[in-house]
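*Asks:* Hey, dropping target.pdb in here, PDB, C-alpha atoms:
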MODEL        1
ATOM      1  CA  MET A 445     131.214  55.285  71.726  1.00  0.00           C
ATOM      2  CA  ARG A 446     132.980  58.229  73.352  1.00  0.00           C
ATOM      3  CA  GLY A 447     131.696  60.545  70.618  1.00  0.00           C
ATOM      4  CA  ARG A 448     128.154  59.330  71.228  1.00  0.00           C
ATOM      5  CA  TRP A 449     128.380  60.092  74.948  1.00  0.00           C
ATOM      6  CA  ARG A 450     129.724  63.527  74.163  1.00  0.00           C
ATOM      7  CA  CYS A 451     126.718  64.189  71.959  1.00  0.00           C
ATOM      8  CA  VAL A 452     124.374  62.969  74.694  1.00  0.00           C
ATOM      9  CA  ALA A 453     126.107  65.142  77.285  1.00  0.00           C
ATOM     10  CA  LEU A 454     125.986  68.152  74.972  1.00  0.00           C
ATOM     11  CA  ALA A 455     122.295  67.586  74.224  1.00  0.00           C
ATOM     12  CA  LEU A 456     121.545  67.241  77.938  1.00  0.00           C
ATOM     13  CA  ALA A 457     123.484  70.413  78.751  1.00  0.00           C
ATOM     14  CA  CYS A 458     121.611  72.305  76.027  1.00  0.00           C
ATOM     15  CA  PHE A 459     118.291  71.013  77.329  1.00  0.00           C
ATOM     16  CA  LEU A 460     119.053  71.969  80.932  1.00  0.00           C
ATOM     17  CA  GLY A 461     120.352  75.365  79.858  1.00  0.00           C
ATOM     18  CA  SER A 462     117.241  76.019  77.782  1.00  0.00           C
ATOM     19  CA  ALA A 463     114.999  74.900  80.650  1.00  0.00           C
ATOM     20  CA  PHE A 464     116.837  77.183  83.066  1.00  0.00           C
ATOM     21  CA  VAL A 465     116.517  80.193  80.759  1.00  0.00           C
ATOM     22  CA  ALA A 466     112.853  79.476  80.036  1.00  0.00           C
ATOM     23  CA  GLY A 467     112.186  79.091  83.753  1.00  0.00           C
ATOM     24  CA  PHE A 468     113.958  82.354  84.508  1.00  0.00           C
ATOM     25  CA  ILE A 469     111.898  84.203  81.903  1.00  0.00           C
ATOM     26  CA  GLY A 470     108.699  82.737  83.328  1.00  0.00           C
ATOM     27  CA  PHE A 471     109.810  83.666  86.841  1.00  0.00           C
ATOM     28  CA  ALA A 472     110.571  87.256  85.844  1.00  0.00           C
ATOM     29  CA  LEU A 473     107.264  87.642  84.023  1.00  0.00           C
ATOM     30  CA  SER A 474     105.289  86.179  86.939  1.00  0.00           C
ATOM     31  CA  LEU A 475     106.408  88.793  89.457  1.00  0.00           C
ATOM     32  CA  GLU A 476     103.741  91.271  90.492  1.00  0.00           C
ATOM     33  CA  ARG A 477     104.014  94.669  88.814  1.00  0.00           C
ATOM     34  CA  THR A 478     101.352  96.449  90.863  1.00  0.00           C
ATOM     35  CA  GLU A 479     100.121  96.022  94.415  1.00  0.00           C
ATOM     36  CA  SER A 480      96.629  94.681  94.889  1.00  0.00           C
ATOM     37  CA  THR A 481      94.162  95.343  97.657  1.00  0.00           C
ATOM     38  CA  LEU A 482      93.424  92.315  99.825  1.00  0.00           C
ATOM     39  CA  THR A 483      90.032  92.163 101.496  1.00  0.00           C
ATOM     40  CA  VAL A 484      90.568  88.776 103.113  1.00  0.00           C
ATOM     41  CA  GLN A 485      90.315  88.363 106.877  1.00  0.00           C
ATOM     42  CA  ALA A 486      93.209  86.282 108.221  1.00  0.00           C
ATOM     43  CA  ASP A 487      94.367  85.132 111.628  1.00  0.00           C
ATOM     44  CA  GLY A 488      97.682  86.947 111.306  1.00  0.00           C
ATOM     45  CA  VAL A 489      99.965  89.060 109.169  1.00  0.00           C
ATOM     46  CA  VAL A 490     103.641  88.162 108.760  1.00  0.00           C
ATOM     47  CA  VAL A 491     106.131  90.586 107.241  1.00  0.00           C
ATOM     48  CA  LEU A 492     109.663  89.570 106.308  1.00  0.00           C
ATOM     49  CA  THR A 493     111.998  92.474 106.999  1.00  0.00           C
ATOM     50  CA  GLY A 494     114.062  93.994 104.231  1.00  0.00           C
ATOM     51  CA  GLY A 495     112.551  97.424 103.714  1.00  0.00           C
ATOM     52  CA  SER A 496     110.405  99.985 105.500  1.00  0.00           C
ATOM     53  CA  ASP A 497     107.748  99.708 102.777  1.00  0.00           C
ATOM     54  CA  ARG A 498     107.099  96.089 103.734  1.00  0.00           C
ATOM     55  CA  VAL A 499     106.654  96.897 107.418  1.00  0.00           C
ATOM     56  CA  TYR A 500     104.397  99.869 106.684  1.00  0.00           C
ATOM     57  CA  GLU A 501     102.112  97.848 104.408  1.00  0.00           C
ATOM     58  CA  ALA A 502     101.866  95.052 106.963  1.00  0.00           C
ATOM     59  CA  GLY A 503     100.973  97.560 109.656  1.00  0.00           C
ATOM     60  CA  GLY A 504      98.237  98.916 107.433  1.00  0.00           C
ATOM     61  CA  LEU A 505      96.685  95.466 107.105  1.00  0.00           C
ATOM     62  CA  LEU A 506      96.645  95.109 110.883  1.00  0.00           C
ATOM     63  CA  ALA A 507      95.239  98.622 111.355  1.00  0.00           C
ATOM     64  CA  ARG A 508      92.396  97.848 108.939  1.00  0.00           C
ATOM     65  CA  GLY A 509      91.424  94.846 111.042  1.00  0.00           C
ATOM     66  CA  GLN A 510      92.340  92.217 108.465  1.00  0.00           C
ATOM     67  CA  ALA A 511      94.199  90.154 111.062  1.00  0.00           C
ATOM     68  CA  ARG A 512      94.387  89.782 114.837  1.00  0.00           C
ATOM     69  CA  ARG A 513      98.174  89.940 115.161  1.00  0.00           C
ATOM     70  CA  LEU A 514     101.274  90.989 113.247  1.00  0.00           C
ATOM     71  CA  LEU A 515     104.660  89.286 113.292  1.00  0.00           C
ATOM     72  CA  ILE A 516     107.695  91.203 112.043  1.00  0.00           C
ATOM     73  CA  THR A 517     110.282  88.482 111.470  1.00  0.00           C
ATOM     74  CA  GLY A 518     113.994  89.046 111.014  1.00  0.00           C
ATOM     75  CA  VAL A 519     114.236  92.253 113.026  1.00  0.00           C
ATOM     76  CA  ASN A 520     117.757  93.572 113.514  1.00  0.00           C
ATOM     77  CA  ARG A 521     118.897  92.861 117.064  1.00  0.00           C
ATOM     78  CA  ALA A 522     119.912  96.489 117.492  1.00  0.00           C
ATOM     79  CA  THR A 523     116.432  97.772 116.610  1.00  0.00           C
ATOM     80  CA  ARG A 524     114.089  98.448 119.506  1.00  0.00           C
ATOM     81  CA  GLY A 525     110.329  98.239 119.541  1.00  0.00           C
ATOM     82  CA  HIS A 526     109.700 101.976 119.843  1.00  0.00           C
ATOM     83  CA  GLU A 527     111.729 102.540 116.666  1.00  0.00           C
ATOM     84  CA  ILE A 528     109.582 100.088 114.729  1.00  0.00           C
ATOM     85  CA  ALA A 529     106.409 101.536 116.228  1.00  0.00           C
ATOM     86  CA  LYS A 530     107.208 104.824 114.489  1.00  0.00           C
ATOM     87  CA  LEU A 531     107.217 103.060 111.105  1.00  0.00           C
ATOM     88  CA  LEU A 532     103.760 101.541 111.480  1.00  0.00           C
ATOM     89  CA  PRO A 533     100.433 103.251 110.752  1.00  0.00           C
ATOM     90  CA  VAL A 534      98.963 101.901 113.998  1.00  0.00           C
ATOM     91  CA  SER A 535      98.261 103.349 117.413  1.00  0.00           C
ATOM     92  CA  ARG A 536     100.657 102.688 120.265  1.00  0.00           C
ATOM     93  CA  GLU A 537      97.940 100.682 121.993  1.00  0.00           C
ATOM     94  CA  LEU A 538      97.501  98.423 118.965  1.00  0.00           C
ATOM     95  CA  PHE A 539     101.263  98.033 118.646  1.00  0.00           C
ATOM     96  CA  ASP A 540     101.663  97.050 122.295  1.00  0.00           C
ATOM     97  CA  CYS A 541      98.870  94.495 122.213  1.00  0.00           C
ATOM     98  CA  CYS A 542      99.115  92.928 118.791  1.00  0.00           C
ATOM     99  CA  VAL A 543     102.594  93.325 117.229  1.00  0.00           C
ATOM    100  CA  ASP A 544     105.276  90.701 117.840  1.00  0.00           C
ATOM    101  CA  LEU A 545     108.936  91.189 116.934  1.00  0.00           C
ATOM    102  CA  GLY A 546     111.080  88.250 115.883  1.00  0.00           C
ATOM    103  CA  TYR A 547     114.826  88.704 116.307  1.00  0.00           C
ATOM    104  CA  ARG A 548     116.081  85.179 115.551  1.00  0.00           C
ATOM    105  CA  ALA A 549     115.777  84.935 111.772  1.00  0.00           C
ATOM    106  CA  GLN A 550     118.841  85.760 109.688  1.00  0.00           C
ATOM    107  CA  ASP A 551     117.526  84.641 106.281  1.00  0.00           C
ATOM    108  CA  THR A 552     114.371  83.396 104.561  1.00  0.00           C
ATOM    109  CA  ILE A 553     114.707  79.897 106.016  1.00  0.00           C
ATOM    110  CA  GLY A 554     114.979  81.479 109.454  1.00  0.00           C
ATOM    111  CA  ASN A 555     111.912  83.618 108.694  1.00  0.00           C
ATOM    112  CA  ALA A 556     109.922  80.469 107.959  1.00  0.00           C
ATOM    113  CA  LEU A 557     111.045  78.737 111.157  1.00  0.00           C
ATOM    114  CA  GLU A 558     110.404  81.831 113.247  1.00  0.00           C
ATOM    115  CA  THR A 559     106.949  82.183 111.723  1.00  0.00           C
ATOM    116  CA  ARG A 560     106.201  78.504 112.396  1.00  0.00           C
ATOM    117  CA  ASP A 561     107.119  78.853 116.081  1.00  0.00           C
ATOM    118  CA  TRP A 562     105.124  82.080 116.406  1.00  0.00           C
ATOM    119  CA  ALA A 563     102.062  80.554 114.713  1.00  0.00           C
ATOM    120  CA  GLN A 564     102.167  77.561 117.039  1.00  0.00           C
ATOM    121  CA  ALA A 565     102.526  79.789 120.095  1.00  0.00           C
ATOM    122  CA  ARG A 566      99.609  81.948 118.963  1.00  0.00           C
ATOM    123  CA  GLY A 567      97.366  79.048 117.980  1.00  0.00           C
ATOM    124  CA  ILE A 568      97.492  79.791 114.234  1.00  0.00           C
ATOM    125  CA  SER A 569      99.204  76.585 113.072  1.00  0.00           C
ATOM    126  CA  LYS A 570      96.010  75.578 111.246  1.00  0.00           C
ATOM    127  CA  GLY A 571      94.700  79.017 110.394  1.00  0.00           C
ATOM    128  CA  SER A 572      95.501  81.652 107.784  1.00  0.00           C
ATOM    129  CA  LEU A 573      98.239  84.220 107.322  1.00  0.00           C
ATOM    130  CA  ILE A 574      98.820  87.182 105.044  1.00  0.00           C
ATOM    131  CA  ILE A 575     102.453  87.170 103.904  1.00  0.00           C
ATOM    132  CA  VAL A 576     104.050  90.532 103.174  1.00  0.00           C
ATOM    133  CA  THR A 577     107.366  90.850 101.365  1.00  0.00           C
ATOM    134  CA  SER A 578     108.792  92.333  98.164  1.00  0.00           C
ATOM    135  CA  ASN A 579     107.404  91.089  94.853  1.00  0.00           C
ATOM    136  CA  TYR A 580     110.688  89.535  93.717  1.00  0.00           C
ATOM    137  CA  HIS A 581     111.106  87.761  97.081  1.00  0.00           C
ATOM    138  CA  MET A 582     107.552  86.423  97.372  1.00  0.00           C
ATOM    139  CA  PRO A 583     107.975  83.108  95.440  1.00  0.00           C
ATOM    140  CA  ARG A 584     110.880  81.978  97.638  1.00  0.00           C
ATOM    141  CA  ALA A 585     109.181  83.190 100.805  1.00  0.00           C
ATOM    142  CA  LEU A 586     106.063  81.166  99.967  1.00  0.00           C
ATOM    143  CA  ALA A 587     108.144  78.075  99.183  1.00  0.00           C
ATOM    144  CA  GLU A 588     109.816  78.225 102.585  1.00  0.00           C
ATOM    145  CA  LEU A 589     106.694  79.167 104.533  1.00  0.00           C
ATOM    146  CA  SER A 590     104.484  76.537 102.912  1.00  0.00           C
ATOM    147  CA  ALA A 591     107.009  73.879 103.900  1.00  0.00           C
ATOM    148  CA  ALA A 592     107.190  75.169 107.479  1.00  0.00           C
ATOM    149  CA  LEU A 593     103.416  75.645 107.816  1.00  0.00           C
ATOM    150  CA  PRO A 594     101.788  72.845 105.813  1.00  0.00           C
ATOM    151  CA  GLU A 595      98.303  73.401 107.246  1.00  0.00           C
ATOM    152  CA  VAL A 596      98.167  77.178 107.076  1.00  0.00           C
ATOM    153  CA  ALA A 597      96.503  79.072 104.212  1.00  0.00           C
ATOM    154  CA  LEU A 598      98.895  81.728 102.920  1.00  0.00           C
ATOM    155  CA  TYR A 599      97.651  84.925 101.281  1.00  0.00           C
ATOM    156  CA  PRO A 600     100.503  86.725  99.453  1.00  0.00           C
ATOM    157  CA  PHE A 601     100.681  90.510  99.577  1.00  0.00           C
ATOM    158  CA  SER A 602     103.539  91.564  97.302  1.00  0.00           C
ATOM    159  CA  VAL A 603     105.088  94.977  97.952  1.00  0.00           C
ATOM    160  CA  VAL A 604     106.113  96.838  94.792  1.00  0.00           C
ATOM    161  CA  SER A 605     108.924  99.336  95.268  1.00  0.00           C
ATOM    162  CA  ASP A 606     109.297 102.499  93.222  1.00  0.00           C
ATOM    163  CA  HIS A 607     113.062 102.054  93.494  1.00  0.00           C
ATOM    164  CA  LEU A 608     113.144  98.630  91.851  1.00  0.00           C
ATOM    165  CA  ARG A 609     110.912  98.006  88.880  1.00  0.00           C
ATOM    166  CA  VAL A 610     110.874  94.308  88.026  1.00  0.00           C
ATOM    167  CA  GLU A 611     109.456  95.070  84.591  1.00  0.00           C
ATOM    168  CA  ASP A 612     112.889  96.509  83.711  1.00  0.00           C
ATOM    169  CA  TRP A 613     114.530  93.081  84.014  1.00  0.00           C
ATOM    170  CA  LEU A 614     115.469  93.069  80.310  1.00  0.00           C
ATOM    171  CA  GLY A 615     116.874  96.585  80.150  1.00  0.00           C
ATOM    172  CA  ASP A 616     118.434  97.162  83.561  1.00  0.00           C
ATOM    173  CA  LEU A 617     121.441  94.965  84.336  1.00  0.00           C
ATOM    174  CA  ALA A 618     121.153  95.513  88.090  1.00  0.00           C
ATOM    175  CA  VAL A 619     117.532  94.362  88.067  1.00  0.00           C
ATOM    176  CA  THR A 620     118.432  91.397  85.868  1.00  0.00           C
ATOM    177  CA  ARG A 621     121.138  90.300  88.302  1.00  0.00           C
ATOM    178  CA  LEU A 622     118.837  90.674  91.302  1.00  0.00           C
ATOM    179  CA  ILE A 623     116.018  88.646  89.742  1.00  0.00           C
ATOM    180  CA  ALA A 624     118.436  86.026  88.408  1.00  0.00           C
ATOM    181  CA  ALA A 625     119.944  85.587  91.882  1.00  0.00           C
ATOM    182  CA  GLU A 626     116.480  85.361  93.404  1.00  0.00           C
ATOM    183  CA  TYR A 627     115.457  82.786  90.790  1.00  0.00           C
ATOM    184  CA  VAL A 628     118.430  80.564  91.670  1.00  0.00           C
ATOM    185  CA  LYS A 629     117.611  80.858  95.380  1.00  0.00           C
ATOM    186  CA  TYR A 630     113.981  80.023  94.612  1.00  0.00           C
ATOM    187  CA  LEU A 631     114.979  76.891  92.698  1.00  0.00           C
ATOM    188  CA  TYR A 632     117.177  75.826  95.605  1.00  0.00           C
ATOM    189  CA  ALA A 633     114.321  76.409  98.044  1.00  0.00           C
ATOM    190  CA  LEU A 634     112.024  74.234  95.948  1.00  0.00           C
ATOM    191  CA  LEU A 635     114.666  71.523  95.595  1.00  0.00           C
ATOM    192  CA  ARG A 636     115.409  71.454  99.307  1.00  0.00           C
ATOM    193  CA  THR A 637     111.853  71.631 100.652  1.00  0.00           C
ATOM    194  CA  ARG A 638     110.210  69.362  98.057  1.00  0.00           C
ATOM    195  CA  LEU A 639     112.920  66.773  97.312  1.00  0.00           C
ATOM    196  CA  LEU A 640     115.906  66.853  99.656  1.00  0.00           C
ATOM    197  CA  GLU A 641     114.170  67.609 102.950  1.00  0.00           C
ATOM    198  CA  PRO A 642     110.425  67.043 102.428  1.00  0.00           C
ATOM    199  CA  GLY A 643     108.569  67.398 105.701  1.00  0.00           C
ATOM    200  CA  ALA A 644     111.656  68.523 107.616  1.00  0.00           C
ATOM    201  CA  PHE A 645     109.982  71.738 108.764  1.00  0.00           C
ATOM    202  CA  ALA A 646     106.588  70.273 109.487  1.00  0.00           C
ATOM    203  CA  THR A 647     105.606  69.341 113.007  1.00  0.00           C
ATOM    204  CA  ALA A 648     102.235  67.945 111.935  1.00  0.00           C
ATOM    205  CA  SER A 649     101.675  64.888 109.779  1.00  0.00           C
ATOM    206  CA  GLY A 650      99.913  66.780 107.014  1.00  0.00           C
ATOM    207  CA  PRO A 651     101.229  67.046 103.450  1.00  0.00           C
ATOM    208  CA  VAL A 652     104.081  69.428 102.722  1.00  0.00           C
ATOM    209  CA  GLY A 653     102.871  72.584 101.004  1.00  0.00           C
ATOM    210  CA  ALA A 654     100.332  74.905 102.528  1.00  0.00           C
ATOM    211  CA  ALA A 655      97.526  76.326 100.480  1.00  0.00           C
ATOM    212  CA  VAL A 656      98.673  79.539  98.818  1.00  0.00           C
ATOM    213  CA  VAL A 657      95.488  81.481  98.230  1.00  0.00           C
ATOM    214  CA  ALA A 658      95.090  84.229  95.673  1.00  0.00           C
ATOM    215  CA  GLU A 659      92.560  86.883  96.582  1.00  0.00           C
ATOM    216  CA  PRO A 660      89.693  86.681  94.053  1.00  0.00           C
ATOM    217  CA  SER A 661      89.361  89.605  91.671  1.00  0.00           C
ATOM    218  CA  PRO A 662      91.930  91.937  93.248  1.00  0.00           C
ATOM    219  CA  GLN A 663      91.501  95.614  92.501  1.00  0.00           C
ATOM    220  CA  PRO A 664      94.611  97.548  91.359  1.00  0.00           C
ATOM    221  CA  ARG A 665      95.754 100.210  93.782  1.00  0.00           C
TER     222      ARG A 665
ENDMDL
END
Take the structure in this file and express it as structure tokens.
*Replies:*
Amino acid sequence: MRGRWRCVALALACFLGSAFVAGFIGFALSLERTESTLTVQADGVVVLTGGSDRVYEAGGLLARGQARRLLITGVNRATRGHEIAKLLPVSRELFDCCVDLGYRAQDTIGNALETRDWAQARGISKGSLIIVTSNYHMPRALAELSAALPEVALYPFSVVSDHLRVEDWLGDLAVTRLIAAEYVKYLYALLRTRLLEPGAFATASGPVGAAVVAEPSPQPR
């Protein structure tokens, strides 16, 4: 009997290990390799801090009139507005009227909560948002944001960095480690928001999981 249970445990471990590896490969292959041009008009743009490229791209979306407001969430408490204004391709007038800085968030969960509060304050809790973050971070960001904003349509805009090429995940150990760590965090985000704490972020009674909308026929940039 003990030998049989050992075989079952071994088979289960092999199955889970294979599923994890297969999921990781699928995750790595699904990450955007090139940035696409969004033409959608949304109520707001939200950028999760973590690199100047993200903030610049988000500012460009606002400058092109693709949203009414921009939230920069997770801003370092020591960073002042005039410093961020220099990073954005927008006029000072547009920055003063339409850019909001969020200083509370310390991680991706905090980004989602900060975005939820901002969207409610700005009357966008049932609207649409363009989400700007790095390509490898986008799946986890969408998992957290869709749980926090169940009635908001999310349009992902993945930023591709020249300094980190996700297509090198098989040949570059540093990239492999980064994507593997992000994959584990993504799985945890899914587990927590879909199974352990479903509806915990939502303030409305709608279903957990906002619509994540892919822009039709994106054109490579």
*Asks:* In terms of the shortest atom-to-atom distance over all atoms listed in the file, which of A:Ala585, A:Gly503, A:Asn520, A:Ala486 is closest to Arg536 in chain A?
*Replies:*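 Going through A:Ala585, A:Gly503, A:Asn520, A:Ala486 one by one, the smallest distance to Arg536 in chain A is for A:Gly503.
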*Asks:* Taking all atoms listed in the file into account, name the residue in A:Val484, A:Ala502, A:Leu514, A:Ala472 that is nearest to Ile623 in chain A.
*Replies:*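 Looking at the shortest contact to Ile623 in chain A, the residue is A:Ala472.
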*Asks:* Please determine, counting only C-alpha atoms, which residue among A:Val604, A:Ala556, A:Phe471, A:Gly525 has the shortest atom-to-atom distance to Glu626 in chain A.
*Replies:*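 For Glu626 in chain A, the nearest of the given residues is A:Phe471.
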*Asks:* What is the CA of Asp612 in chain A-CA of Val576 in chain A distance in Å, reported with one decimal?
*Replies:*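 A separation of 22.2 Å between them.
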*Asks:* Just say which residues the PyMOL selection byres ((chain A and resi 571) around 12) picks in this file, as a list in words.
*Replies:*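 Checking the PyMOL selection byres ((chain A and resi 571) around 12) against this file, the residues are Gln485, Ala486, Asp487, Gly488, Val489, Ala511, Arg512, Arg560, Ala563, Gln564, Arg566, Gly567, Ile568, Ser569, Lys570, Ser572, Leu573, Ile574, Leu593, Pro594, Glu595, Val596, Ala597, Leu598, Tyr599, Ala654 and Ala655 of chain A.
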*Asks:* So that I can see what lies close to Arg521 in chain A, please list as a list in words the residues with an atom at most 10 Å from it, counting all atoms listed in the file and leaving out residues fewer than 5 positions away in the same chain.
*Replies:*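 Listing them by chain and then by number gives Gly546, Tyr547 and Arg548 of chain A.
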*Asks:* For the residues in that selection, give me C-alpha atoms as a CSV table (one decimal), keeping the file's coordinate frame.
*Replies:*
chain,number,residue,atom,x,y,z
A,546,GLY,CA,111.1,88.2,115.9
A,547,TYR,CA,114.8,88.7,116.3
A,548,ARG,CA,116.1,85.2,115.6
*Asks:* Which polymer residues, whether protein, DNA or RNA, lie within 12 Å of the coordinate (111.3, 78.8, 103.4) when you count all atoms listed in the file? List them as number ranges by chain, using the chain letters and numbers from the file.
*Replies:* A: 492, 549, 551-560, 581-594, 629-638, 641-646, 652-654
*Asks:* Neighbourhood query: residues within 10 Å of (105.0, 98.2, 106.4), file coordinates, counting all atoms listed in the file; return as a list of chain:residue names.
*Replies:*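 Output: A:Val491, A:Leu492, A:Thr493, A:Gly495, A:Ser496, A:Asp497, A:Arg498, A:Val499, A:Tyr500, A:Glu501, A:Ala502, A:Gly503, A:Gly504, A:Leu505, A:Leu506, A:Ile516, A:Ile528, A:Leu531, A:Leu532, A:Pro533, A:Val576, A:Thr577, A:Val603.
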*Asks:* Using Å and a single decimal, report how far CA of Asp544 in chain A sits from CA of Val519 in chain A.
*Replies:*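 Interatomic distance, CA of Val519 in chain A to CA of Asp544 in chain A: 10.3 Å.
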*Asks:* One decimal, Å: what's the distance from CA of Trp613 in chain A over to CA of Leu482 in chain A, could you say?
*Replies:*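 So the two atoms, CA of Trp613 in chain A and CA of Leu482 in chain A, lie 26.4 Å apart.
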